[in-house]
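Here's entry.txt, which has compact mmCIF, C-alpha atoms and all ligand atoms:
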```txt
# COMPACT_ATOMS: atom_id res chain seq x y z
CA MET A 16 -9.71 -24.91 11.24
CA SER A 17 -9.02 -21.37 10.15
CA ALA A 18 -9.80 -20.39 6.60
CA ALA A 19 -7.62 -17.29 6.70
CA PRO A 20 -4.90 -17.38 4.04
CA LEU A 21 -2.39 -16.62 6.76
CA SER A 22 -2.56 -16.98 10.50
CA LEU A 23 -0.05 -16.72 13.36
CA GLU A 24 -0.80 -18.42 16.64
CA GLY A 25 1.42 -17.88 19.66
CA ILE A 26 4.64 -17.43 17.68
CA HIS A 27 7.81 -17.39 19.78
CA LYS A 28 11.31 -16.96 18.43
CA SER A 29 14.61 -16.40 20.23
CA PHE A 30 18.15 -16.01 18.96
CA GLY A 31 20.48 -17.54 21.52
CA THR A 32 19.15 -16.38 24.86
CA LYS A 33 17.48 -13.32 23.36
CA PRO A 34 13.71 -13.58 22.94
CA VAL A 35 12.61 -11.61 19.88
CA LEU A 36 9.04 -12.76 19.33
CA ARG A 37 7.08 -13.61 22.46
CA GLY A 38 3.64 -14.72 21.38
CA LEU A 39 2.51 -13.23 18.07
CA ASP A 40 -1.12 -13.73 17.19
CA ALA A 41 -2.81 -12.45 14.04
CA GLU A 42 -5.07 -13.53 11.23
CA VAL A 43 -4.49 -11.95 7.86
CA GLN A 44 -7.60 -11.92 5.67
CA ALA A 45 -7.74 -12.75 1.97
CA GLY A 46 -6.96 -9.74 -0.21
CA GLU A 47 -6.07 -7.37 2.60
CA ILE A 48 -2.98 -5.24 2.98
CA PHE A 49 -1.75 -5.96 6.48
CA SER A 50 1.06 -3.73 7.69
CA ILE A 51 3.42 -4.58 10.53
CA VAL A 52 5.02 -1.46 12.03
CA GLY A 53 7.38 -1.13 14.92
CA PRO A 54 10.74 0.20 16.00
CA SER A 55 13.97 -0.99 14.47
CA GLY A 56 15.01 -4.30 16.04
CA ALA A 57 11.43 -5.16 17.09
CA GLY A 58 11.52 -8.41 15.12
CA LYS A 59 9.60 -7.40 11.98
CA THR A 60 12.01 -9.05 9.56
CA THR A 61 12.20 -12.10 11.83
CA ALA A 62 8.42 -12.41 11.67
CA LEU A 63 8.39 -12.04 7.88
CA ARG A 64 11.06 -14.72 7.45
CA LEU A 65 8.92 -17.08 9.53
CA LEU A 66 5.90 -16.27 7.35
CA ASP A 67 7.98 -17.02 4.25
CA LEU A 68 8.91 -20.43 5.74
CA LEU A 69 12.61 -19.54 5.71
CA ASP A 70 12.90 -20.24 9.42
CA SER A 71 10.83 -22.04 12.08
CA PRO A 72 9.29 -20.59 15.22
CA ASP A 73 10.42 -22.04 18.56
CA ALA A 74 6.79 -22.35 19.55
CA GLY A 75 3.44 -21.59 17.96
CA ARG A 76 2.02 -22.21 14.54
CA ILE A 77 1.85 -20.40 11.22
CA THR A 78 -0.96 -21.67 9.05
CA PHE A 79 -2.03 -21.04 5.47
CA HIS A 80 -5.74 -21.75 5.00
CA GLY A 81 -5.50 -23.71 8.23
CA LYS A 82 -2.51 -25.85 7.22
CA SER A 83 1.00 -25.62 8.64
CA TYR A 84 4.13 -26.63 6.76
CA PRO A 85 7.36 -27.87 8.37
CA ILE A 86 10.13 -25.89 6.71
CA ARG A 87 12.23 -27.63 4.09
CA SER A 88 9.54 -30.27 3.53
CA PRO A 89 8.29 -30.79 -0.06
CA GLU A 90 4.92 -29.35 1.00
CA SER A 91 6.61 -26.23 2.33
CA LEU A 92 8.33 -25.76 -1.01
CA ALA A 93 4.92 -25.88 -2.70
CA GLN A 94 3.59 -23.32 -0.23
CA ARG A 95 6.67 -21.12 -0.68
CA ARG A 96 5.89 -21.04 -4.38
CA ARG A 97 2.53 -19.49 -3.58
CA MET A 98 4.20 -16.49 -1.94
CA VAL A 99 7.03 -14.08 -2.62
CA LEU A 100 9.19 -12.02 -0.30
CA VAL A 101 10.62 -8.72 -1.58
CA MET A 102 13.42 -7.39 0.58
CA GLN A 103 14.66 -3.90 1.29
CA ASN A 104 17.70 -3.96 -0.94
CA PRO A 105 16.78 -5.01 -4.44
CA THR A 106 18.75 -7.95 -5.68
CA VAL A 107 19.27 -7.85 -9.40
CA PHE A 108 21.33 -10.35 -11.29
CA ARG A 109 24.02 -9.47 -13.78
CA ALA A 110 21.60 -9.80 -16.67
CA THR A 111 19.03 -7.76 -18.56
CA ALA A 112 15.89 -6.38 -16.94
CA PHE A 113 13.91 -8.95 -18.95
CA GLU A 114 16.00 -11.85 -17.66
CA ASN A 115 15.71 -10.58 -14.11
CA VAL A 116 11.92 -10.51 -14.27
CA ALA A 117 11.86 -13.88 -16.05
CA TYR A 118 13.97 -15.64 -13.43
CA GLY A 119 11.22 -17.18 -11.27
CA LEU A 120 9.21 -18.19 -14.32
CA TRP A 121 12.24 -20.02 -15.76
CA LEU A 122 12.70 -21.85 -12.47
CA ARG A 123 9.08 -22.95 -12.66
CA GLY A 124 9.48 -24.19 -16.23
CA VAL A 125 6.95 -21.81 -17.76
CA PRO A 126 6.89 -22.29 -21.56
CA ASP A 127 8.74 -19.67 -23.56
CA ALA A 128 5.83 -17.92 -25.30
CA GLU A 129 3.86 -17.59 -22.08
CA LEU A 130 6.97 -16.50 -20.21
CA ARG A 131 7.67 -13.69 -22.67
CA GLY A 132 4.10 -12.42 -22.41
CA ARG A 133 4.17 -12.44 -18.63
CA VAL A 134 7.58 -10.79 -18.39
CA PHE A 135 6.64 -7.97 -20.77
CA ALA A 136 3.39 -7.46 -18.87
CA GLY A 137 5.38 -7.33 -15.62
CA LEU A 138 7.87 -4.81 -17.00
CA ASP A 139 4.99 -2.73 -18.33
CA PHE A 140 3.25 -2.88 -14.94
CA VAL A 141 6.17 -1.09 -13.29
CA GLY A 142 6.78 1.26 -16.24
CA LEU A 143 10.01 -0.37 -17.39
CA LEU A 144 9.04 -1.93 -20.69
CA GLU A 145 11.55 0.23 -22.51
CA ALA A 146 14.34 -1.01 -20.23
CA ALA A 147 13.75 -4.69 -21.11
CA LYS A 148 17.10 -5.12 -22.86
CA GLU A 149 19.12 -2.97 -20.50
CA SER A 150 21.47 -4.38 -17.94
CA ALA A 151 19.60 -4.39 -14.63
CA GLU A 152 22.75 -3.45 -12.74
CA LYS A 153 22.92 -0.17 -14.62
CA LEU A 154 19.43 0.91 -13.55
CA SER A 155 18.91 3.23 -10.58
CA GLY A 156 18.12 1.83 -7.13
CA GLY A 157 14.46 2.70 -7.54
CA GLU A 158 14.28 1.09 -10.97
CA GLN A 159 16.02 -2.02 -9.62
CA GLN A 160 13.40 -2.28 -6.90
CA ARG A 161 10.68 -1.96 -9.53
CA ILE A 162 12.36 -4.86 -11.35
CA ALA A 163 12.36 -6.84 -8.10
CA PHE A 164 8.68 -6.09 -7.65
CA ALA A 165 7.90 -7.12 -11.24
CA ARG A 166 9.88 -10.33 -10.72
CA ALA A 167 7.66 -11.10 -7.73
CA ALA A 168 4.42 -9.99 -9.38
CA VAL A 169 4.76 -12.12 -12.53
CA LEU A 170 4.70 -15.22 -10.34
CA ASN A 171 1.07 -14.43 -9.38
CA PRO A 172 1.67 -15.06 -5.69
CA GLU A 173 -1.27 -15.63 -3.41
CA ILE A 174 0.66 -13.82 -0.68
CA LEU A 175 3.09 -10.98 -1.23
CA LEU A 176 5.52 -10.22 1.62
CA LEU A 177 7.31 -6.87 1.51
CA ASP A 178 10.10 -5.93 3.91
CA GLU A 179 10.86 -2.18 3.98
CA PHE A 180 10.64 -2.43 0.23
CA THR A 181 10.85 1.30 -0.47
CA ALA A 182 13.38 2.26 2.22
CA ASN A 183 16.10 4.60 0.92
CA LEU A 184 14.35 5.26 -2.39
CA ASP A 185 13.54 8.65 -3.89
CA PRO A 186 9.94 9.92 -3.63
CA PHE A 187 9.18 9.28 -7.31
CA ASN A 188 10.01 5.59 -7.03
CA VAL A 189 8.35 5.24 -3.63
CA ARG A 190 5.15 6.62 -5.10
CA LEU A 191 5.37 4.46 -8.19
CA LEU A 192 5.94 1.31 -6.13
CA GLU A 193 3.13 2.14 -3.72
CA GLN A 194 0.75 2.67 -6.62
CA SER A 195 1.94 -0.60 -8.13
CA ILE A 196 1.11 -2.45 -4.90
CA LEU A 197 -2.37 -0.97 -4.69
CA ARG A 198 -3.09 -1.66 -8.35
CA TYR A 199 -1.69 -5.17 -8.11
CA ARG A 200 -3.81 -6.03 -5.09
CA HIS A 201 -6.86 -4.54 -6.81
CA GLU A 202 -6.30 -6.55 -9.97
CA THR A 203 -5.29 -9.87 -8.41
CA GLY A 204 -6.90 -9.95 -4.96
CA CYS A 205 -3.50 -10.96 -3.61
CA THR A 206 -2.96 -10.85 0.18
CA VAL A 207 -0.15 -8.46 1.13
CA VAL A 208 1.93 -8.19 4.31
CA ILE A 209 4.01 -5.02 4.41
CA VAL A 210 6.67 -4.50 7.04
CA THR A 211 7.68 -0.88 7.42
CA HIS A 212 8.97 1.54 9.98
CA ASN A 213 7.47 4.28 7.79
CA LEU A 214 4.16 5.17 9.41
CA PHE A 215 3.12 7.34 6.49
CA GLN A 216 3.51 4.41 4.15
CA ALA A 217 1.40 2.22 6.42
CA LYS A 218 -1.21 4.95 6.45
CA ARG A 219 -1.20 5.20 2.65
CA LEU A 220 -1.38 1.47 1.97
CA ALA A 221 -2.69 -0.62 4.82
CA ASP A 222 -6.18 -1.91 5.49
CA ARG A 223 -5.06 -2.98 8.97
CA VAL A 224 -1.98 -2.14 10.98
CA ALA A 225 -0.24 -4.15 13.70
CA LEU A 226 2.26 -2.57 16.08
CA LEU A 227 5.05 -4.98 17.02
CA LEU A 228 6.60 -4.11 20.35
CA ASP A 229 8.42 -6.19 22.94
CA GLY A 230 7.79 -9.32 20.90
CA ARG A 231 4.02 -8.96 20.64
CA PHE A 232 1.39 -7.21 18.57
CA VAL A 233 0.25 -4.67 21.13
CA GLU A 234 -2.46 -3.30 18.84
CA VAL A 235 -3.97 -4.64 15.63
CA ALA A 236 -6.61 -2.39 14.12
CA PRO A 237 -8.09 -1.05 10.88
CA ALA A 238 -5.75 1.68 9.64
CA ALA A 239 -8.19 4.54 10.33
CA ASP A 240 -8.66 3.43 13.94
CA PHE A 241 -4.98 2.71 14.43
CA PHE A 242 -3.93 6.19 13.35
CA GLU A 243 -6.88 8.26 14.52
CA HIS A 244 -8.07 6.45 17.64
CA PRO A 245 -5.34 4.17 18.95
CA VAL A 246 -6.46 2.27 22.02
CA ARG A 247 -3.14 1.38 23.59
CA PRO A 248 -0.83 3.90 25.28
CA GLU A 249 2.14 2.26 23.53
CA THR A 250 0.55 2.96 20.14
CA ARG A 251 -0.06 6.58 21.08
CA ALA A 252 3.55 6.92 22.20
CA PHE A 253 4.81 5.29 19.00
CA LEU A 254 2.63 7.45 16.75
CA SER A 255 3.52 10.67 18.52
CA GLY A 256 7.23 9.93 18.25
CA GLU A 257 7.62 9.89 22.04
CA MET A 258 9.01 6.42 21.75
CA ALA A 259 12.62 6.75 20.70
CA TYR A 260 13.57 4.33 17.94
N1 LIG A 301 19.85 -14.66 12.59
C1 LIG A 301 19.92 -13.93 13.70
N2 LIG A 301 20.79 -14.24 14.69
C2 LIG A 301 20.86 -13.53 15.83
N3 LIG A 301 20.09 -12.45 16.09
C3 LIG A 301 19.21 -12.09 15.16
C4 LIG A 301 19.08 -12.79 13.92
N4 LIG A 301 18.10 -12.19 13.20
C5 LIG A 301 17.65 -11.16 13.94
N5 LIG A 301 18.31 -11.09 15.11
C6 LIG A 301 18.05 -10.12 16.18
O1 LIG A 301 16.67 -10.09 16.43
C7 LIG A 301 16.23 -8.77 16.69
C8 LIG A 301 15.14 -8.40 15.70
O2 LIG A 301 15.69 -8.26 14.42
P1 LIG A 301 14.82 -7.95 13.13
O3 LIG A 301 13.78 -8.97 12.98
O4 LIG A 301 15.75 -7.79 12.00
O5 LIG A 301 14.16 -6.54 13.53
P2 LIG A 301 13.45 -5.44 12.62
O6 LIG A 301 13.27 -6.01 11.27
O7 LIG A 301 12.17 -5.13 13.32
O8 LIG A 301 14.35 -4.25 12.63
C9 LIG A 301 17.45 -7.88 16.58
O9 LIG A 301 17.94 -7.66 17.88
C10 LIG A 301 18.42 -8.72 15.77
O10 LIG A 301 19.74 -8.43 16.12
MG MG A 302 13.90 -5.39 9.41
```

Output the file's structure as structure tokens, nothing else.
Ligand SMILES: Nc1ncnc2c1ncn2[C@@H]1O[C@H](COP(=O)(O)OP(=O)(O)O)[C@@H](O)[C@H]1O
Ligand SMILES: [Mg+2]
Amino acid sequence: MSAAPLSLEGIHKSFGTKPVLRGLDAEVQAGEIFSIVGPSGAGKTTALRLLDLLDSPDAGRITFHGKSYPIRSPESLAQRRRMVLVMQNPTVFRATAFENVAYGLWLRGVPDAELRGRVFAGLDFVGLLEAAKESAEKLSGGEQQRIAFARAAVLNPEILLLDEFTANLDPFNVRLLEQSILRYRHETGCTVVIVTHNLFQAKRLADRVALLLDGRFVEVAPAADFFEHPVRPETRAFLSGEMAY
């Protein structure tokens, strides 16, 4: 039995007759930042949704510390509460920044005094303490994504899943969010899976990088090796931009 917090074994997934994932294998280690890169349409989001137990693979197994969870079972709900998925487009509710960050804690029935402390700490973590009482909808796109990150972070997830979470943001907010991820991982030891088509971001953040191509991880390697000494011709083509995507 695998002790890795997260492991994929022979994951297949098709939509209709179209195979998207054709045998994904990987083990994500505790506390690492594992980045999945690949062209648009490669199946990165599909893979992340499977990891978040939002959908089931057609074949293969996803395990957490060696255990798999049928989706929509009570056990899968418990596992889902140990991880958080942050999507590309921040979703903020028509409420204050404070209420947005508090949302998951309310759902979990966290007592009020503790909740307030955690929410303020979360807002402070992303530099938005001053915006606590402001309407989240009035904040900029970058600030809204920082709220979405804080909302995820205050839940103390064991696994943080990020899907193109800084796409379309200005450099200031990209930098702030990237620093937040690194600091958060450092402080909590949380395991992070980052999906991105931004190679520079993978280079800045990842411990290991996996290239998803034609439904498989064609190369999984420590970031330095992946970028400096890729083994596979497909990786070299992808890194050099020869591969159109
Ligand atoms: N729910 C779905 N129904 C049908 N096709 C889907 C669905 N989700 C994804 N796809 C298809 O699967 C492929 C991979 O999509 P996706 O995982 O979003 O790729 P990526 O995130 O790498 O850009 C695409 O061709 C997409 O159209
Ligand atoms: Mg995607």

Within 7 Å of ligand LIG 301 (chain A), which residues of chain A show up? Give each one with its shortest atom-to-atom distance in Å (one decimal) and the two atoms involved, counting only C-alpha atoms and all ligand atoms, rows by chain then rising residue number, as CSV.
```
residue,atom,partner,partner_atom,distance
A:Phe30,CA,A:LIG301,C2,4.8
A:Gly31,CA,A:LIG301,C2,7.0
A:Val35,CA,A:LIG301,O1,5.5
A:Gly53,CA,A:LIG301,O7,6.4
A:Pro54,CA,A:LIG301,O7,6.1
A:Ser55,CA,A:LIG301,O8,3.8
A:Gly56,CA,A:LIG301,O5,3.5
A:Ala57,CA,A:LIG301,O7,3.8
A:Gly58,CA,A:LIG301,O3,3.2
A:Lys59,CA,A:LIG301,O7,3.7
A:Thr60,CA,A:LIG301,O6,3.7
A:Thr61,CA,A:LIG301,O3,3.7
A:Ala62,CA,A:LIG301,O3,6.5
```

Taking the point (5.0, -8.8, -11.8) as given in the file, collect each protein or nucleic acid residue that comes within 9 Å of it, counting all atoms listed in the file, and present the set as a PDB file with C-alpha atoms, in the frame of the given file.
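Generated file (out-v2.pdb):
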```pdb
ATOM      1  CA  VAL A 116      11.920 -10.510 -14.270  1.00  0.00           C
ATOM      2  CA  ARG A 133       4.170 -12.440 -18.630  1.00  0.00           C
ATOM      3  CA  VAL A 134       7.580 -10.790 -18.390  1.00  0.00           C
ATOM      4  CA  ALA A 136       3.390  -7.460 -18.870  1.00  0.00           C
ATOM      5  CA  GLY A 137       5.380  -7.330 -15.620  1.00  0.00           C
ATOM      6  CA  LEU A 138       7.870  -4.810 -17.000  1.00  0.00           C
ATOM      7  CA  ASP A 139       4.990  -2.730 -18.330  1.00  0.00           C
ATOM      8  CA  PHE A 140       3.250  -2.880 -14.940  1.00  0.00           C
ATOM      9  CA  VAL A 141       6.170  -1.090 -13.290  1.00  0.00           C
ATOM     10  CA  ILE A 162      12.360  -4.860 -11.350  1.00  0.00           C
ATOM     11  CA  ALA A 163      12.360  -6.840  -8.100  1.00  0.00           C
ATOM     12  CA  PHE A 164       8.680  -6.090  -7.650  1.00  0.00           C
ATOM     13  CA  ALA A 165       7.900  -7.120 -11.240  1.00  0.00           C
ATOM     14  CA  ARG A 166       9.880 -10.330 -10.720  1.00  0.00           C
ATOM     15  CA  ALA A 167       7.660 -11.100  -7.730  1.00  0.00           C
ATOM     16  CA  ALA A 168       4.420  -9.990  -9.380  1.00  0.00           C
ATOM     17  CA  VAL A 169       4.760 -12.120 -12.530  1.00  0.00           C
ATOM     18  CA  LEU A 170       4.700 -15.220 -10.340  1.00  0.00           C
ATOM     19  CA  ASN A 171       1.070 -14.430  -9.380  1.00  0.00           C
ATOM     20  CA  TYR A 199      -1.690  -5.170  -8.110  1.00  0.00           C
TER      21      TYR A 199
END
```

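When CA of Ile26 in chain A is paired with CA of Phe180 in chain A, their separation reads 23.8 Å.
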
Counting all atoms listed in the file, which residues come within 8 Å of (7.1, 2.5, 2.7), with the point read in the file's coordinates, and could you list them as an NGL selection string?
-> :A and (179-182 or 189 or 193 or 211-217)

Would you mind reading off the distance between CA of Glu152 in chain A and CA of Asn183 in chain A, one decimal, in Å?
-> 17.2 Å
